[in-house]
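Data block for target.csv (CSV, C-alpha atoms):
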```csv
chain,number,residue,atom,x,y,z
A,1,MET,CA,15.4,-15.5,-4.2
A,2,PHE,CA,16.8,-12.1,-3.5
A,3,GLY,CA,19.2,-11.9,-0.6
A,4,LEU,CA,17.8,-11.3,2.9
A,5,ILE,CA,18.5,-7.9,4.5
A,6,THR,CA,20.1,-7.7,7.9
A,7,ARG,CA,19.4,-5.3,10.6
A,8,ARG,CA,22.6,-3.3,10.0
A,9,ARG,CA,22.2,-3.3,6.2
A,10,SER,CA,18.6,-2.1,6.7
A,11,LEU,CA,19.9,0.9,8.6
A,12,LEU,CA,22.3,1.8,5.8
A,13,TYR,CA,19.8,1.2,3.0
A,14,GLY,CA,16.8,2.6,4.8
A,15,LEU,CA,14.8,5.6,4.1
A,16,GLY,CA,11.2,6.5,4.6
A,17,LEU,CA,8.1,4.4,4.2
A,18,ALA,CA,5.2,5.6,2.1
A,19,VAL,CA,5.1,9.4,2.1
A,20,ALA,CA,7.1,9.7,5.4
A,21,GLY,CA,10.4,10.0,3.5
A,22,ALA,CA,12.0,9.6,0.1
A,23,VAL,CA,14.8,7.4,-1.1
A,24,ALA,CA,17.5,7.4,-3.7
A,25,PRO,CA,18.2,4.4,-6.0
A,26,VAL,CA,20.5,1.7,-4.6
A,27,THR,CA,23.0,0.5,-7.2
A,28,LYS,CA,24.7,-2.8,-7.3
A,29,SER,CA,28.1,-1.1,-6.7
A,30,SER,CA,26.7,0.5,-3.5
A,31,GLU,CA,25.4,-2.8,-2.5
A,32,SER,CA,28.8,-4.4,-2.9
A,33,ASP,CA,30.4,-1.5,-0.9
A,34,LEU,CA,27.9,-2.0,1.9
A,35,ASP,CA,28.5,-5.8,1.9
A,36,SER,CA,32.2,-5.1,2.5
A,37,LEU,CA,31.4,-2.6,5.3
A,38,LEU,CA,29.0,-5.0,6.9
A,39,THR,CA,31.3,-8.1,7.0
A,40,PRO,CA,31.8,-8.8,10.7
A,41,LYS,CA,35.4,-8.5,12.0
A,42,ALA,CA,36.8,-11.5,13.9
A,43,ASP,CA,37.3,-9.4,17.0
A,44,ASP,CA,34.0,-7.6,16.6
A,45,PRO,CA,31.8,-8.5,19.6
A,46,GLN,CA,28.8,-7.4,17.6
A,47,GLY,CA,29.8,-9.4,14.6
A,48,GLY,CA,27.7,-12.5,15.4
A,49,SER,CA,24.0,-12.4,14.6
A,50,LYS,CA,21.1,-14.8,14.7
A,51,PRO,CA,20.2,-16.5,11.4
A,52,ALA,CA,17.6,-14.6,9.4
A,53,SER,CA,14.0,-15.8,9.4
A,54,SER,CA,12.8,-17.7,6.3
A,55,LEU,CA,9.8,-17.9,4.1
A,56,GLU,CA,9.9,-21.7,4.4
A,57,GLY,CA,6.8,-23.0,6.1
A,58,ALA,CA,5.1,-19.6,6.5
A,59,VAL,CA,1.4,-20.1,5.7
A,60,THR,CA,-0.3,-16.9,6.8
A,61,LEU,CA,0.3,-13.2,6.4
A,62,GLU,CA,0.5,-12.8,10.2
A,63,GLU,CA,3.3,-15.4,10.3
A,64,ILE,CA,5.2,-13.6,7.5
A,65,GLU,CA,5.0,-10.4,9.5
A,66,ILE,CA,6.3,-12.0,12.6
A,67,ARG,CA,9.3,-13.6,10.8
A,68,ALA,CA,10.0,-10.3,8.9
A,69,ARG,CA,10.0,-8.4,12.2
A,70,ASP,CA,12.6,-10.7,13.5
A,71,SER,CA,14.8,-10.2,10.4
A,72,MET,CA,14.4,-6.4,10.1
A,73,ALA,CA,16.2,-3.6,12.0
A,74,ALA,CA,14.0,-2.6,14.9
A,75,SER,CA,13.8,0.9,13.6
A,76,VAL,CA,12.7,-0.2,10.1
A,77,TYR,CA,10.0,-2.4,11.5
A,78,GLU,CA,8.8,0.5,13.7
A,79,ARG,CA,8.5,2.7,10.6
A,80,VAL,CA,6.7,0.1,8.5
A,81,SER,CA,4.2,-0.9,11.1
A,82,ALA,CA,3.5,2.5,12.7
A,83,GLY,CA,0.2,4.3,12.5
A,84,ALA,CA,-0.8,7.8,13.5
A,85,ALA,CA,-1.0,9.2,17.0
A,86,ASN,CA,-2.6,6.5,19.3
A,87,GLU,CA,-3.0,4.1,16.3
A,88,ILE,CA,-6.7,3.7,17.0
A,89,THR,CA,-7.7,3.8,13.4
A,90,LYS,CA,-5.0,1.3,12.5
A,91,ARG,CA,-6.4,-1.1,15.1
A,92,TRP,CA,-10.0,-0.5,14.0
A,93,ASN,CA,-9.0,-1.4,10.4
A,94,ARG,CA,-8.3,-4.9,11.6
A,95,GLU,CA,-11.0,-5.2,14.2
A,96,ALA,CA,-13.8,-4.1,11.9
A,97,PHE,CA,-13.1,-7.0,9.5
A,98,ASP,CA,-13.2,-9.4,12.5
A,99,ARG,CA,-16.7,-8.2,13.5
A,100,ILE,CA,-18.2,-8.9,10.1
A,101,ARG,CA,-19.8,-12.3,9.8
A,102,LEU,CA,-20.2,-14.3,6.6
A,103,ARG,CA,-23.4,-15.9,5.6
A,104,PRO,CA,-22.6,-19.1,3.6
A,105,ARG,CA,-24.8,-21.1,1.2
A,106,VAL,CA,-24.3,-24.8,0.9
A,107,LEU,CA,-24.9,-27.3,-1.9
A,108,VAL,CA,-23.8,-24.8,-4.5
A,109,ASP,CA,-21.6,-26.0,-7.3
A,110,VAL,CA,-18.2,-24.5,-6.5
A,111,SER,CA,-16.2,-27.1,-8.3
A,112,LYS,CA,-15.0,-24.3,-10.7
A,113,LEU,CA,-14.0,-21.0,-9.2
A,114,ASP,CA,-13.7,-17.8,-11.2
A,115,THR,CA,-11.8,-15.0,-9.5
A,116,ARG,CA,-11.4,-12.9,-12.7
A,117,ILE,CA,-12.4,-9.2,-12.8
A,118,LYS,CA,-12.3,-6.4,-15.3
A,119,LEU,CA,-10.8,-3.1,-14.1
A,120,LEU,CA,-10.5,-0.1,-16.3
A,121,GLY,CA,-11.2,-2.4,-19.3
A,122,GLN,CA,-8.3,-4.7,-18.3
A,123,ASP,CA,-8.8,-8.4,-17.4
A,124,LEU,CA,-7.3,-9.3,-14.1
A,125,ALA,CA,-6.9,-12.9,-12.7
A,126,PHE,CA,-8.0,-11.8,-9.2
A,127,PRO,CA,-9.1,-8.7,-7.4
A,128,ILE,CA,-6.0,-8.0,-5.3
A,129,LEU,CA,-3.6,-5.1,-6.1
A,130,LEU,CA,-0.4,-3.9,-4.4
A,131,ALA,CA,-1.0,-0.5,-2.8
A,132,PRO,CA,1.6,2.4,-3.0
A,133,THR,CA,4.1,2.3,-0.2
A,134,GLY,CA,7.3,4.3,-0.5
A,135,GLY,CA,10.9,3.5,0.1
A,136,HIS,CA,11.1,-0.2,-0.5
A,137,ALA,CA,14.9,-0.2,-0.3
A,138,LEU,CA,14.2,0.4,3.4
A,139,VAL,CA,13.4,-3.3,3.7
A,140,HIS,CA,15.2,-4.9,0.8
A,141,PRO,CA,18.1,-3.6,-1.4
A,142,ASP,CA,16.2,-4.4,-4.6
A,143,GLY,CA,13.3,-2.4,-3.4
A,144,GLU,CA,10.5,-1.7,-5.9
A,145,LEU,CA,12.3,-3.5,-8.6
A,146,ALA,CA,11.8,-6.8,-6.7
A,147,THR,CA,8.2,-5.8,-5.9
A,148,VAL,CA,7.2,-5.0,-9.4
A,149,ARG,CA,8.7,-8.2,-10.7
A,150,ALA,CA,6.8,-10.2,-8.2
A,151,ALA,CA,3.6,-8.5,-9.0
A,152,GLY,CA,4.1,-9.3,-12.7
A,153,THR,CA,4.8,-13.0,-11.9
A,154,ALA,CA,1.7,-13.2,-9.8
A,155,GLY,CA,-0.5,-11.2,-12.2
A,156,ALA,CA,-1.2,-8.4,-9.8
A,157,ILE,CA,-1.2,-4.6,-10.5
A,158,PHE,CA,1.5,-2.7,-8.7
A,159,VAL,CA,0.9,0.9,-7.7
A,160,ASN,CA,4.2,2.6,-7.5
A,161,SER,CA,4.6,5.3,-4.9
A,162,ILE,CA,6.1,8.7,-5.9
A,163,ALA,CA,8.3,8.2,-2.9
A,164,SER,CA,9.8,5.0,-4.4
A,165,SER,CA,13.5,4.1,-3.9
A,166,PHE,CA,14.0,4.0,-7.7
A,167,PRO,CA,12.8,6.4,-10.4
A,168,ILE,CA,9.4,5.6,-11.9
A,169,GLU,CA,11.0,4.9,-15.3
A,170,GLU,CA,13.3,2.2,-13.8
A,171,VAL,CA,10.5,0.6,-11.9
A,172,ALA,CA,8.3,0.5,-15.1
A,173,ARG,CA,11.2,-1.0,-17.1
A,174,ALA,CA,11.4,-3.8,-14.6
A,175,ALA,CA,7.7,-4.5,-14.7
A,176,ARG,CA,6.3,-7.7,-16.2
A,177,GLY,CA,2.7,-6.5,-15.8
A,178,PRO,CA,0.7,-3.3,-15.5
A,179,VAL,CA,2.0,-0.5,-13.2
A,180,TRP,CA,0.0,2.4,-11.9
A,181,CYS,CA,1.6,5.5,-10.3
A,182,GLN,CA,0.6,7.2,-7.0
A,183,LEU,CA,1.3,10.9,-6.7
A,184,PHE,CA,0.3,14.1,-4.9
A,185,ILE,CA,-1.0,17.3,-6.5
A,186,LYS,CA,1.6,19.7,-5.3
A,187,PRO,CA,1.5,23.5,-5.1
A,188,ASP,CA,4.2,23.5,-7.7
A,189,ARG,CA,2.0,22.8,-10.7
A,190,GLY,CA,5.0,22.5,-13.0
A,191,LEU,CA,6.5,19.7,-10.8
A,192,THR,CA,3.2,17.9,-10.7
A,193,ARG,CA,2.7,18.1,-14.4
A,194,ASP,CA,6.2,16.8,-15.0
A,195,LEU,CA,5.6,13.8,-12.7
A,196,VAL,CA,2.4,13.0,-14.6
A,197,VAL,CA,4.1,13.2,-17.9
A,198,ARG,CA,6.9,11.0,-16.7
A,199,ALA,CA,4.5,8.4,-15.4
A,200,GLU,CA,2.5,8.3,-18.6
A,201,ASN,CA,5.7,8.1,-20.7
A,202,ALA,CA,7.0,5.3,-18.6
A,203,GLY,CA,3.8,3.3,-19.4
A,204,CYS,CA,1.8,3.7,-16.2
A,205,LYS,CA,-1.8,2.8,-16.9
A,206,ALA,CA,-3.5,4.9,-14.2
A,207,LEU,CA,-2.8,7.6,-11.7
A,208,CYS,CA,-3.7,7.2,-8.0
A,209,VAL,CA,-3.9,10.7,-6.6
A,210,THR,CA,-3.6,10.7,-2.8
A,211,VAL,CA,-6.1,13.3,-1.5
A,212,ASP,CA,-5.9,12.7,2.3
A,213,GLY,CA,-2.4,14.1,2.7
A,214,PRO,CA,-2.1,17.9,2.5
A,215,ILE,CA,0.3,17.2,5.4
A,216,THR,CA,1.5,14.0,7.0
A,217,GLY,CA,-0.2,12.8,10.2
A,218,ILE,CA,1.2,12.7,13.7
A,219,ARG,CA,3.5,9.7,13.5
A,220,GLU,CA,5.1,9.4,16.9
A,221,ARG,CA,6.7,6.0,16.4
A,222,GLU,CA,8.3,7.2,13.2
A,223,TRP,CA,9.6,10.3,14.8
A,224,ARG,CA,11.4,8.2,17.5
A,225,VAL,CA,13.4,6.3,15.0
A,226,GLN,CA,13.9,9.0,12.4
A,227,LYS,CA,17.5,9.7,13.4
A,228,GLU,CA,18.5,6.1,13.0
A,229,LEU,CA,17.8,6.1,9.3
A,230,PRO,CA,19.8,8.3,6.9
A,231,TYR,CA,18.2,10.9,4.7
A,232,ARG,CA,18.7,10.6,0.9
A,233,LYS,CA,17.4,12.6,-2.0
A,234,SER,CA,14.1,11.5,-3.6
A,235,ALA,CA,14.6,9.2,-6.6
A,236,ASN,CA,11.7,11.0,-8.4
A,237,GLY,CA,13.0,14.5,-7.6
A,238,PRO,CA,12.6,16.9,-4.6
A,239,GLY,CA,9.3,18.1,-3.4
A,240,ALA,CA,7.2,15.3,-4.8
A,241,VAL,CA,5.9,13.9,-1.5
A,242,SER,CA,3.4,15.4,1.0
A,243,ALA,CA,4.2,18.3,3.3
A,244,LYS,CA,5.8,17.2,6.5
A,245,ILE,CA,5.0,18.0,10.2
A,246,GLU,CA,8.1,17.8,12.3
A,247,PRO,CA,8.3,16.5,15.9
A,248,PRO,CA,7.7,19.3,18.4
A,249,GLY,CA,10.9,20.9,19.5
A,250,SER,CA,11.9,23.7,21.9
A,251,GLY,CA,10.1,26.3,19.8
A,252,TYR,CA,6.7,26.2,18.2
A,253,LYS,CA,6.6,25.7,14.4
A,254,PRO,CA,3.2,26.0,12.7
A,255,ALA,CA,2.0,23.3,10.3
A,256,VAL,CA,2.0,24.3,6.7
A,257,PRO,CA,-0.2,22.0,4.6
A,258,ASP,CA,-0.3,22.0,0.9
A,259,LYS,CA,-3.3,23.6,-0.8
A,260,VAL,CA,-5.2,20.9,-2.7
A,261,THR,CA,-8.8,21.4,-3.7
A,262,TRP,CA,-11.4,20.1,-6.2
A,263,ASP,CA,-10.1,22.7,-8.6
A,264,SER,CA,-6.7,20.9,-8.4
A,265,VAL,CA,-8.4,17.7,-9.5
A,266,ASP,CA,-10.1,19.6,-12.4
A,267,TRP,CA,-6.7,21.0,-13.4
A,268,LEU,CA,-5.1,17.5,-13.3
A,269,ARG,CA,-7.9,16.0,-15.4
A,270,SER,CA,-7.4,18.7,-18.0
A,271,PHE,CA,-4.2,17.2,-19.3
A,272,ALA,CA,-3.8,13.7,-17.8
A,273,ARG,CA,-4.0,11.0,-20.6
A,274,VAL,CA,-4.7,8.1,-18.3
A,275,PRO,CA,-7.5,7.3,-15.8
A,276,ILE,CA,-7.4,9.0,-12.4
A,277,PHE,CA,-8.3,7.4,-9.1
A,278,LEU,CA,-8.7,9.4,-5.9
A,279,LYS,CA,-7.1,7.7,-3.0
A,280,GLY,CA,-8.2,8.6,0.6
A,281,ILE,CA,-12.0,8.9,0.3
A,282,LEU,CA,-13.9,8.1,3.5
A,283,ASN,CA,-16.9,10.5,3.1
A,284,HIS,CA,-19.8,9.5,0.9
A,285,GLU,CA,-20.3,13.2,-0.1
A,286,ASP,CA,-16.7,13.4,-1.3
A,287,ALA,CA,-17.4,10.2,-3.3
A,288,GLU,CA,-20.4,11.8,-5.0
A,289,HIS,CA,-18.4,14.9,-5.8
A,290,ALA,CA,-15.6,12.7,-7.3
A,291,VAL,CA,-18.1,11.0,-9.6
A,292,GLN,CA,-19.5,14.4,-10.7
A,293,VAL,CA,-16.1,15.8,-11.6
A,294,GLY,CA,-15.4,12.8,-13.7
A,295,VAL,CA,-12.6,10.8,-12.0
A,296,SER,CA,-12.3,7.2,-13.1
A,297,GLY,CA,-12.4,5.5,-9.7
A,298,LEU,CA,-12.1,5.8,-5.9
A,299,ILE,CA,-9.9,4.2,-3.3
A,300,VAL,CA,-11.6,4.0,0.1
A,301,SER,CA,-8.5,4.5,2.3
A,302,ASN,CA,-7.4,6.0,5.6
A,303,HIS,CA,-3.8,5.6,4.7
A,304,GLY,CA,-3.4,2.4,6.7
A,305,GLY,CA,-4.2,4.5,9.8
A,306,ARG,CA,-1.2,6.7,9.2
A,307,GLN,CA,-2.9,10.1,8.7
A,308,LEU,CA,-5.9,11.2,10.9
A,309,ASP,CA,-6.3,8.9,13.9
A,310,THR,CA,-9.9,8.0,15.0
A,311,VAL,CA,-11.4,8.1,11.5
A,312,PRO,CA,-13.4,5.0,10.7
A,313,ALA,CA,-12.1,1.7,9.5
A,314,THR,CA,-12.2,1.6,5.7
A,315,ILE,CA,-14.5,-1.4,5.6
A,316,ASP,CA,-17.0,0.5,7.8
A,317,ALA,CA,-16.9,3.5,5.5
A,318,LEU,CA,-17.2,1.4,2.4
A,319,PRO,CA,-21.0,0.5,2.4
A,320,LEU,CA,-22.3,4.1,2.4
A,321,ILE,CA,-19.8,5.1,-0.3
A,322,SER,CA,-20.8,2.1,-2.4
A,323,GLU,CA,-24.5,3.0,-2.1
A,324,ARG,CA,-23.9,6.6,-3.1
A,325,VAL,CA,-21.6,5.7,-6.1
A,326,ALA,CA,-24.1,2.9,-7.2
A,327,GLY,CA,-21.7,1.3,-9.6
A,328,ARG,CA,-21.0,4.4,-11.7
A,329,ILE,CA,-17.2,4.1,-11.2
A,330,PRO,CA,-15.1,1.3,-9.6
A,331,ILE,CA,-14.3,1.5,-5.9
A,332,LEU,CA,-11.2,-0.1,-4.4
A,333,VAL,CA,-10.5,-0.4,-0.7
A,334,ASP,CA,-7.4,-0.9,1.5
A,335,GLY,CA,-6.6,-1.1,5.2
A,336,GLY,CA,-6.4,-4.1,7.5
A,337,ILE,CA,-6.8,-6.8,4.8
A,338,ARG,CA,-5.0,-9.9,6.1
A,339,ARG,CA,-7.2,-12.9,5.1
A,340,GLY,CA,-9.1,-14.1,2.0
A,341,THR,CA,-12.3,-13.8,4.0
A,342,ASP,CA,-11.5,-10.0,4.3
A,343,VAL,CA,-11.4,-9.8,0.5
A,344,VAL,CA,-14.8,-11.5,0.3
A,345,LYS,CA,-16.2,-9.1,2.8
A,346,ALA,CA,-14.9,-6.1,0.9
A,347,LEU,CA,-16.3,-7.3,-2.4
A,348,ALA,CA,-19.7,-8.1,-0.7
A,349,LEU,CA,-19.9,-4.5,0.6
A,350,GLY,CA,-19.3,-2.9,-2.7
A,351,ALA,CA,-15.6,-2.9,-3.6
A,352,SER,CA,-14.4,-3.9,-7.1
A,353,ALA,CA,-11.0,-5.0,-5.7
A,354,VAL,CA,-8.8,-4.5,-2.7
A,355,LEU,CA,-5.2,-3.3,-2.1
A,356,ILE,CA,-2.7,-4.6,0.4
A,357,GLY,CA,0.3,-2.6,1.7
A,358,ARG,CA,2.1,-3.6,4.8
A,359,PRO,CA,1.7,-7.4,4.2
A,360,TYR,CA,3.7,-7.4,0.9
A,361,LEU,CA,6.4,-5.1,2.5
A,362,TYR,CA,6.9,-7.8,5.2
A,363,GLY,CA,7.2,-10.4,2.4
A,364,LEU,CA,9.7,-8.2,0.6
A,365,ALA,CA,11.8,-7.8,3.8
A,366,LEU,CA,11.7,-11.6,4.4
A,367,GLY,CA,12.4,-12.8,0.9
A,368,GLY,CA,12.6,-10.2,-1.8
A,369,ALA,CA,10.5,-10.9,-4.9
A,370,ASP,CA,9.8,-14.4,-3.6
A,371,GLY,CA,8.4,-13.0,-0.4
A,372,VAL,CA,6.1,-10.6,-2.2
A,373,ASN,CA,4.9,-13.4,-4.4
A,374,ARG,CA,4.3,-15.7,-1.4
A,375,VAL,CA,2.1,-13.0,0.2
A,376,ILE,CA,0.0,-12.7,-3.0
A,377,GLU,CA,-0.3,-16.5,-3.3
A,378,ILE,CA,-1.5,-16.9,0.3
A,379,LEU,CA,-4.1,-14.3,0.0
A,380,ARG,CA,-5.3,-15.5,-3.4
A,381,THR,CA,-5.6,-19.1,-2.2
A,382,GLU,CA,-7.5,-18.0,0.9
A,383,LEU,CA,-9.9,-16.0,-1.3
A,384,GLU,CA,-10.6,-19.0,-3.4
A,385,VAL,CA,-11.3,-21.2,-0.3
A,386,ALA,CA,-13.5,-18.5,1.2
A,387,MET,CA,-15.5,-18.3,-2.1
A,388,ALA,CA,-16.0,-22.1,-2.1
A,389,LEU,CA,-17.0,-22.2,1.5
A,390,THR,CA,-19.5,-19.4,1.2
A,391,GLY,CA,-21.0,-20.9,-1.9
A,392,ARG,CA,-19.9,-18.1,-4.2
A,393,PRO,CA,-18.3,-19.6,-7.3
A,394,SER,CA,-17.5,-16.3,-9.0
A,395,ILE,CA,-16.6,-12.7,-8.0
A,396,ALA,CA,-19.9,-11.6,-9.6
A,397,SER,CA,-21.8,-13.9,-7.2
A,398,ILE,CA,-20.4,-12.2,-4.1
A,399,ASP,CA,-23.0,-9.7,-3.0
A,400,ARG,CA,-24.5,-8.2,0.2
A,401,ALA,CA,-26.3,-11.5,0.9
A,402,THR,CA,-22.8,-12.9,1.6
A,403,ILE,CA,-22.8,-10.8,4.8
A,404,TRP,CA,-24.7,-12.1,7.9
A,405,GLN,CA,-27.2,-9.4,8.8
A,406,SER,CA,-28.0,-9.1,12.5
```
structure tokens encoding of this file:
Amino acid sequence: MFGLITRRRSLLYGLGLAVAGAVAPVTKSSESDLDSLLTPKADDPQGGSKPASSLEGAVTLEEIEIRARDSMAASVYERVSAGAANEITKRWNREAFDRIRLRPRVLVDVSKLDTRIKLLGQDLAFPILLAPTGGHALVHPDGELATVRAAGTAGAIFVNSIASSFPIEEVARAARGPVWCQLFIKPDRGLTRDLVVRAENAGCKALCVTVDGPITGIREREWRVQKELPYRKSANGPGAVSAKIEPPGSGYKPAVPDKVTWDSVDWLRSFARVPIFLKGILNHEDAEHAVQVGVSGLIVSNHGGRQLDTVPATIDALPLISERVAGRIPILVDGGIRRGTDVVKALALGASAVLIGRPYLYGLALGGADGVNRVIEILRTELEVAMALTGRPSIASIDRATIWQS
């Protein structure tokens, strides 16, 4: 197991989460230097610390989050867990799943369960992917290198964020399975093209283009802890992440969003050699337009409630989008997924697969690659049990009839 990260080490290693900030790679030599700096002095009244929480005995994703919170620096946990503004959408993401009731069938032969799916022509053992979240060295020194190794061990696709702590090439070299790359279409077309070429040359099998982030949302909890975390240069080069909105100061500063349009998507498609997913779709009209311009797939996402507050929960937006797309391209969904029953509900409402974000970050914080793998195992096991108890022996058998209609 990778070593656990302490509160003080988190502060030294930490950078932004997702697109909130960018990080530079952490080397073994810098880790050694930090270890020496963090060794408590005998006369240091702050030297003593409580034992770090452990993966041992953790059986739910909620429990892993609670234990991770206890082992992380308070500022790091704030940044990972924070949503936008009043965090209403973040709360709705979870509550919407809780409102959906399942409609089980009994006396169905579920003695053999089949969780396999095919996505972009690739066979996957189960329909759970790891969503792009930036700055993994914020929560563990091995960062995305640990995450991608765990994904490969578990058989899950890892979507690497362009705001990763390590260069995309280094993450791809550490992979034991398929890797996709998340990025933004930036006004600097040369920069964007270079990032696409780098991702393709590194072996990334698909691009996830975030389209709900011409500028970051109002992230008050992040703003409050920003000064506690040092800034470092982006591992994938400057200017790759979304435009930022700074906390209000003594003088007004206008927001300056990036210009990103459907023409930008056409431009990207003109030279990209791998499939393109659009991430951040909530409107069924946008979904239809995406199909018409020829993208390979959609990700129904509200950025984990981190962008525009009071937009719907993703699971509430999914059915109408699924109806409009009508199976022409795959639809993935993220946001609020914490149980195997949530995965069943998403598949029943039209998703081809789901992505998780914060849960595996908490696993990473708690136990490195082992923690990420534990999160995947828990969710995969719960999915299998939910399939058995709803009388759905295969992914293909999960349909709208799995949902209890009022």
Give me, as a Markdown table, the closest atom pair and its distance (Å, one decimal) for every residue of segment 165-187 of chain A within a cut-off of 6 Å of segment 139-154 of chain A, counting all atoms listed in the file, rows sorted by chain and rising number.
```
| residue | atom | partner | partner_atom | distance |
| --- | --- | --- | --- | --- |
| A:Val171 | CA | A:Leu145 | CA | 5.6 |
| A:Ala175 | CA | A:Val148 | CA | 5.3 |
| A:Arg176 | CA | A:Gly152 | CA | 4.4 |
| A:Gly177 | CA | A:Gly152 | CA | 4.4 |
```
message = Let me make sure I understand: among A:Ala287, A:Ala68, A:Ala388, A:Leu102, which one has the smallest atom-to-atom distance to Asp342 of chain A if we use only C-alpha atoms?
response = A:Leu102
inquiry  = Tell me which residues come within 8 Å of (-13.3, -0.1, -6.5), as a PyMOL selection string, counting all atoms listed in the file in the file's coordinates.
reply    = chain A and resi 297-300+329-333+350-354
ask   = What does the distance from atom CA of Arg374 of chain A to atom CA of Ile395 of chain A come to in Å, to one decimal?
value = 22.1 Å
ask   = If we count all atoms listed in the file, what is near Pro104 of chain A at a cut-off of 7 Å, once residues fewer than 3 positions away on the same chain are taken out, given as a ChimeraX atom specification?
value = /A:389-391,402
query = How far is it from atom CA of Arg189 of chain A to atom CA of Val209 of chain A, in Å with one decimal?
reply = 14.1 Å
